[in-house]
There are 4 protein chains.
Amino acid sequence: MSAIDLNADLGEGFGVWRLGDDDALLGVVTSANVACGFHAGDPSTMRRVCAGAVAAGVAIGAQVSYRDLAGFGRRAMDVPSAELAAEILYQLAALDGIARSCGGRVSYVKPHGALYNRIVADREQAAAVASAVAAYDRSLPILTLPGSALFDLPGTPGQNGLNIVAECYADRAYTPQGTLVPRSSPDAVVRDPAEVTARAVRMAMDHEVVTVDGSVVMVEARSICVHGDTPGAVDLARSVRAALTDAGVHLTPFA
Amino acid sequence: MSAIDLNADLGEGFGVWRLGDDDALLGVVTSANVACGFHAGDPSTMRRVCAGAVAAGVAIGAQVSYRDLAGFGRRAMDVPSAELAAEILYQLAALDGIARSCGGRVSYVKPHGALYNRIVADREQAAAVASAVAAYDRSLPILTLPGSALFDLPGTPGQNGLNIVAECYADRAYTPQGTLVPRSSPDAVVRDPAEVTARAVRMAMDHEVVTVDGSVVMVEARSICVHGDTPGAVDLARSVRAALTDAGVHLTPFA
Amino acid sequence: MSAIDLNADLGEGFGVWRLGDDDALLGVVTSANVACGFHAGDPSTMRRVCAGAVAAGVAIGAQVSYRDLAGFGRRAMDVPSAELAAEILYQLAALDGIARSCGGRVSYVKPHGALYNRIVADREQAAAVASAVAAYDRSLPILTLPGSALFDLPGTPGQNGLNIVAECYADRAYTPQGTLVPRSSPDAVVRDPAEVTARAVRMAMDHEVVTVDGSVVMVEARSICVHGDTPGAVDLARSVRAALTDAGVHLTPFA
Amino acid sequence: MSAIDLNADLGEGFGVWRLGDDDALLGVVTSANVACGFHAGDPSTMRRVCAGAVAAGVAIGAQVSYRDLAGFGRRAMDVPSAELAAEILYQLAALDGIARSCGGRVSYVKPHGALYNRIVADREQAAAVASAVAAYDRSLPILTLPGSALFDLPGTPGQNGLNIVAECYADRAYTPQGTLVPRSSPDAVVRDPAEVTARAVRMAMDHEVVTVDGSVVMVEARSICVHGDTPGAVDLARSVRAALTDAGVHLTPFA
């Protein structure tokens with residue numbers, strides 16, 4: 001029987017501001033990437049989302065970011081390694097403490113936004129993120145794209161190294177090389193809901209996806225990322241979950 | 001044999017800015033109140049100070065604050081209880097995670113600045129701070145002034161309650177009621193180094209202090225707070241430590 | 001012929017986050033209180049709202065606040081006068097420069113949130129706000145509640161003093177003393193849309209309002225504050241505008 | 001008779017933190033690059049430095065930066081053009097308003113830190129900075145390195161374009177191509193005070209400098225940048241000023 005994880009970004013409001021429907025998503029996903037205060041996520045929001053995740057049986061991940069509230073962590077930054085590692089460690093520890101106060105714990109790490117994209121290729125920043133996770137708890141997996149520099153760091157993914165886990169996107173187009181079509185391309189996003197759900201099922205059951213040229217490539221991923229920052233997105237996420245369940249795929253946290 | 005703790009604020013720089021001489025203070029105190037990022041203390045500074053404290057055998061305390069970098073946490077704020085509790089929990093958890101990555105841990109909590117002063121009288125904010133500490137680890141003591149509202153909260157300092165610990169100031173004048181002379185008074189601070197050290201010894205050995213009217217009052221305190229934000233302050237702190245040691249007082253963390 | 005101003009808070013998003021419907025409100029109000037970055041309002045949002053206000057012929061006011069993004073400026077702060085004055089001056093100047101780059105200018109000041117409420121009674125903070133406005137441009141009026149401490153500051157509202165202007169709320173209940181019923185009271189808000197619009201018309205035409213005990217008091221105000229942070233609020237604001245226009249009231253910026 | 005400007009960074013403290021000796025530098029420089037709150041410089045500091053500059057007859061420049069207090073603006077950021085332009089405009093306007101409240105005004109712009117370095121080569125960010133200055137006041141010169149992308153933007157430095165002005169560094173080594181030796185090189189900084197002052201005089205009088213290979217290159221600059229963030233730096237800046245004066249060079253603001 002196939003099994004897969006569904007992850008989404010939660011807790012991305014700040015203070016009076018809301019973004020996305022956290023409550024709805026807690027009924028859809030198996031893993032919640034909870035913002036830790038550097039791109040979004042004030043302490044009250046973090047606490048509320050962690051309590052909700054614990055109640056819903058959803059795994060809590062630390063959605064760590066550059067320190068950039070004004071840019072929502074979407075602006076790549078040249079942060080020196082030691083600074084970046086300390087900033088990641090701070091966020092991870094803060095969320096884990098809050099999660100534990102709610103009866104849960106952080107069980108994985110997913111970098112956010114520009115940091116997520118940057119460490120796919122930037123070995124130095126990838127190593128800084130990995131060192132922070134290792135310093136806190138080396139049993140915590142890090143969620144990233146297939147092919148990320150995180151997979152090539154010394155010590156990963158070997159016996160004593162960190163556990164690096166790949167995820168995929170049912171609503172994103174793939175190149176024949178198995179990478180995401182960049183968002184700057186008009187074809188970057190798959191918009192037909194039926195196609196998105198079908199792709200999710202094929203990803204979960206057959207570990208493959210049809211690329212932009214019609215070829216089929218392998219997608220080795222233990223989690224599918226869904227979105228929830230628009231009403232339509234939540235509905236689509238629900239459809240993906242329903243289609244996976246209907247296909248007999250077991251939905252369960254990857255971590 | 002008498003024993004006492006010496007505590008001081010450390011890690012109160014932010015980014016490029018420095019405040020006080022952390023390295024010098026680590027050679028003087030037995031407990032370091034480490035800033036947690038809300039009034040001071042970026043993650044890199046927190047990590048460096050925690051590593052230094054672990055190496056020096058100095059206990060690490062979470063110096064939690066209002067969220068106010070621009071005002072250094074010295075501006076009292078009307079923060080709703082649930083928000084305040086979440087903000088304290090966030091800071092405490094962040095520092096504890098960093099301390100643990102350095103081989104140590106947070107062993108007590110000391111509120112900073114305007115929050116420190118406010119919770120002496122404000123039961124609601126005192127309860128919020130206490131609830132955050134209880135939610136994280138109810139074995140952690142909270143350092144405060146004698147007579148603070150923290151002592152009167154339901155559940156403290158009884159068997160299952162929080163451990164509230166009083167501290168005293170060798171360089172501050174006391175009223176006959178045993179409270180600090182307010183800083184707005186010209187007599188608030190004791191400036192003669194010899195007098196300060198003598199007061200520290202008497203506080204540690206006899207648990208008493210001479211007040212502004214010449215009377216003597218009891219000072220029940222398990223820690224003496226010293227300062228380190230000027231070169232003279234560090235020298236004075238060294239003198240206090242030396243005088244205590246010469247008097248046969250055992251210097252050891254209170255927590 | 002009667003004339004009145006309608007003001008509302010605009011530009012209260014921050015970065016990726018939105019709050020309220022700025023575009024809709026620009027079609028309703030005659031004066032826009034634009035957030036200046038301290039409780040809300042990043043520079044891009046400020047620029048977009050200023051451009052929209054200039055295009056719509058809406059007056060631009062500086063909605064200055066405590067420095068408190070996390071609390072949306074709703075947490076009262078004990079800010080020393082000189083610091084507060086400098087913070088207000090900074091926000092006012094930043095918004096005015098942005099407004100001028102859009103072909104407009106700031107034509108009044110309206111403090112936000114906890115600062116708005118505090119300076120009604122706190123003479124020291126009221127004086128700090130007034131001094132900042134005077135330092136920047138003493139021709140700029142400040143919008144506040146009737147009876148505010150701003151009216152009693154030395155130099156206001158006399159010949160060389162600042163121009164302090166009162167506003168009223170059509171959707172808030174009034175006491176027989178002419179003050180707002182506190183929000184902590186269940187009767188604080190008038191919820192019936194027809195009643196709100198009728199009160200607005202009476203305020204604009206007759207300068208009076210029916211209080212909670214059925215008595216009628218004078219309301220000397222040159223502007224009515226409306227809200228736009230919910231869809232229903234925008235509809236209500238539109239109804240208020242329509243009712244005023246139908247009654248022959250001329251809608252025009254007060255400043 | 002030769003004339004030159006001496007500029008330095010001022011007002012780079014934040015809240016309780018200080019950096020450099022603003023008062024000393026106001027007695028040395030003819031132009032003060034005043035931090036505007038995004039990498040350093042709270043409103044109170046800005047106001048105090050502006051008042052001092054006006055009193056000392058020192059020109060005030062807006063030292064604009066990425067929004068990065070934690071990194072002191074030294075971390076390059078991929079900020080979209082419209083966002084960057086709005087952020088620069090905000091800082092420039094805020095400082096100008098404060099300067100005007102002190103009886104002065106901003107008379108030039110000097111980007112700070114990572115932004116300063118980035119726009120030497122990054123045409124998109126250079127254009128964003130230039131557009132912000134043009135939107136505020138196109139008569140304001142921008143201080144940058146010789147060869148900066150700012151010189152090549154459409155419209156500059158022609159008749160209706162912006163006024164881009166080059167500066168040089170007496171304490172930095174130059175390549176035979178007339179560019180600065182990167183800080184990563186061990187030879188980047190000239191440490192001998194006598195050599196620094198001699199270079200400053202030659203730069204001001206003969207518009208040339210001896211490069212690392214002994215050759216001489218032209219340095220077309222209207223300002224020499226000096227530093228003040230250490231006691232030694234202030235002394236060196238004083239020596240540079242004295243040597244220039246002794247050589248008959250007229251010290252005057254470039255703007």
# chains A, B, ... in the order shown; residues from 1 in each chain; ligands from 1

call {"tool": "interface_residues", "arguments": {"of": "chain B", "to": "chain D", "cutoff": "9 Å", "atoms": "only C-alpha atoms", "output": "list in words"}}
result
Gly13, Phe14, Gly15, Val16, Trp17, Arg18, Leu19, Asp42, Leu69, Ala70, Gly71 and Phe72 of chain B

call {"tool": "residues_around", "arguments": {"residues": "Asn33 (chain D)", "least_positions_apart": "6", "cutoff": "7 Å", "atoms": "only C-alpha atoms", "output": "list in words"}}
result
Asn7, Ala8, Asp9, Leu10, Ile60, Gly61, Ala62, Gln63 and Lys110 of chain D

call {"tool": "write_last_selection", "arguments": {"atoms": "all heavy atoms", "output": "short mmCIF file (atom, residue, chain, number, x, y, z; two decimals), in the first residue's frame"}}
result
data_model
loop_
_atom_site.label_atom_id
_atom_site.label_comp_id
_atom_site.auth_asym_id
_atom_site.auth_seq_id
_atom_site.Cartn_x
_atom_site.Cartn_y
_atom_site.Cartn_z
N ASN D 7 33.51 63.12 3.97
CA ASN D 7 32.25 62.56 4.47
C ASN D 7 32.51 61.37 5.38
O ASN D 7 33.52 60.67 5.23
CB ASN D 7 31.32 62.20 3.30
CG ASN D 7 31.65 60.87 2.65
OD1 ASN D 7 31.27 59.82 3.17
ND2 ASN D 7 32.37 60.91 1.52
N ALA D 8 31.59 61.15 6.30
CA ALA D 8 31.67 59.99 7.19
C ALA D 8 30.26 59.58 7.58
O ALA D 8 29.32 60.36 7.48
CB ALA D 8 32.49 60.31 8.44
N ASP D 9 30.16 58.33 8.05
CA ASP D 9 28.87 57.80 8.51
C ASP D 9 28.62 58.26 9.94
O ASP D 9 29.47 58.06 10.82
CB ASP D 9 28.88 56.27 8.47
CG ASP D 9 29.02 55.73 7.05
OD1 ASP D 9 28.76 56.50 6.11
OD2 ASP D 9 29.39 54.56 6.90
N LEU D 10 27.46 58.84 10.17
CA LEU D 10 27.08 59.28 11.51
C LEU D 10 25.70 58.73 11.87
O LEU D 10 24.97 58.23 11.01
CB LEU D 10 27.04 60.81 11.60
CG LEU D 10 28.37 61.49 11.94
CD1 LEU D 10 29.19 61.68 10.68
CD2 LEU D 10 28.14 62.82 12.63
N ILE D 60 24.06 67.44 5.48
CA ILE D 60 23.38 66.21 5.89
C ILE D 60 23.06 65.37 4.65
O ILE D 60 22.42 65.85 3.73
CB ILE D 60 22.08 66.53 6.65
CG1 ILE D 60 22.41 67.26 7.96
CG2 ILE D 60 21.28 65.27 6.91
CD1 ILE D 60 21.18 67.86 8.65
N GLY D 61 23.53 64.12 4.66
CA GLY D 61 23.19 63.19 3.59
C GLY D 61 22.35 62.05 4.13
O GLY D 61 22.49 61.67 5.29
N ALA D 62 21.49 61.52 3.29
CA ALA D 62 20.65 60.39 3.70
C ALA D 62 21.39 59.10 3.42
O ALA D 62 21.60 58.73 2.26
CB ALA D 62 19.31 60.42 2.95
N GLN D 63 21.77 58.41 4.50
CA GLN D 63 22.50 57.15 4.36
C GLN D 63 21.48 56.01 4.31
O GLN D 63 21.23 55.33 5.29
CB GLN D 63 23.47 57.01 5.53
CG GLN D 63 24.47 55.88 5.34
CD GLN D 63 25.22 55.57 6.62
OE1 GLN D 63 25.06 56.25 7.63
NE2 GLN D 63 26.04 54.53 6.58
N LYS D 110 23.61 58.93 0.19
CA LYS D 110 24.68 57.94 0.07
C LYS D 110 24.18 56.59 0.55
O LYS D 110 23.95 56.40 1.73
CB LYS D 110 25.92 58.35 0.88
CG LYS D 110 27.04 57.30 0.77
CD LYS D 110 28.33 57.71 1.43
CE LYS D 110 29.31 56.54 1.40
NZ LYS D 110 30.60 56.86 2.06
#

call {"tool": "residues_around", "arguments": {"residues": "region 198-214 of chain C", "least_positions_apart": "3", "cutoff": "6 Å", "atoms": "only C-alpha atoms", "output": "list in words"}}
result
Ser2, Ile4, Ala170, Tyr174, Thr175, Pro176, Glu195, Val217, Met218, Val219, Glu220 and Leu244 of chain C

call {"tool": "residues_around", "arguments": {"residues": "Val226 (chain D)", "least_positions_apart": "4", "cutoff": "10 Å", "atoms": "only C-alpha atoms", "output": "PyMOL selection string"}}
result
chain D and resi 6-9+25+28-29+168-171+200+233-234+236-238+240-241

call {"tool": "closest_residue", "arguments": {"among": "D:Cys225, D:Ala243, D:Ala35, D:Gln125", "to": "Ala86 (chain D)", "atoms": "only C-alpha atoms"}}
result
D:Gln125

call {"tool": "atom_distance", "arguments": {"atom1": "CA of Ser65 (chain A)", "atom2": "CA of Arg75 (chain D)"}}
result
14.7 Å

call {"tool": "select_by_dssp", "arguments": {"residues": "region 19-191 of chain C", "states": "alpha helix (DSSP H)", "output": "ChimeraX atom specification"}}
result
/C:22-26,43-56,81-101,113-121,123-137
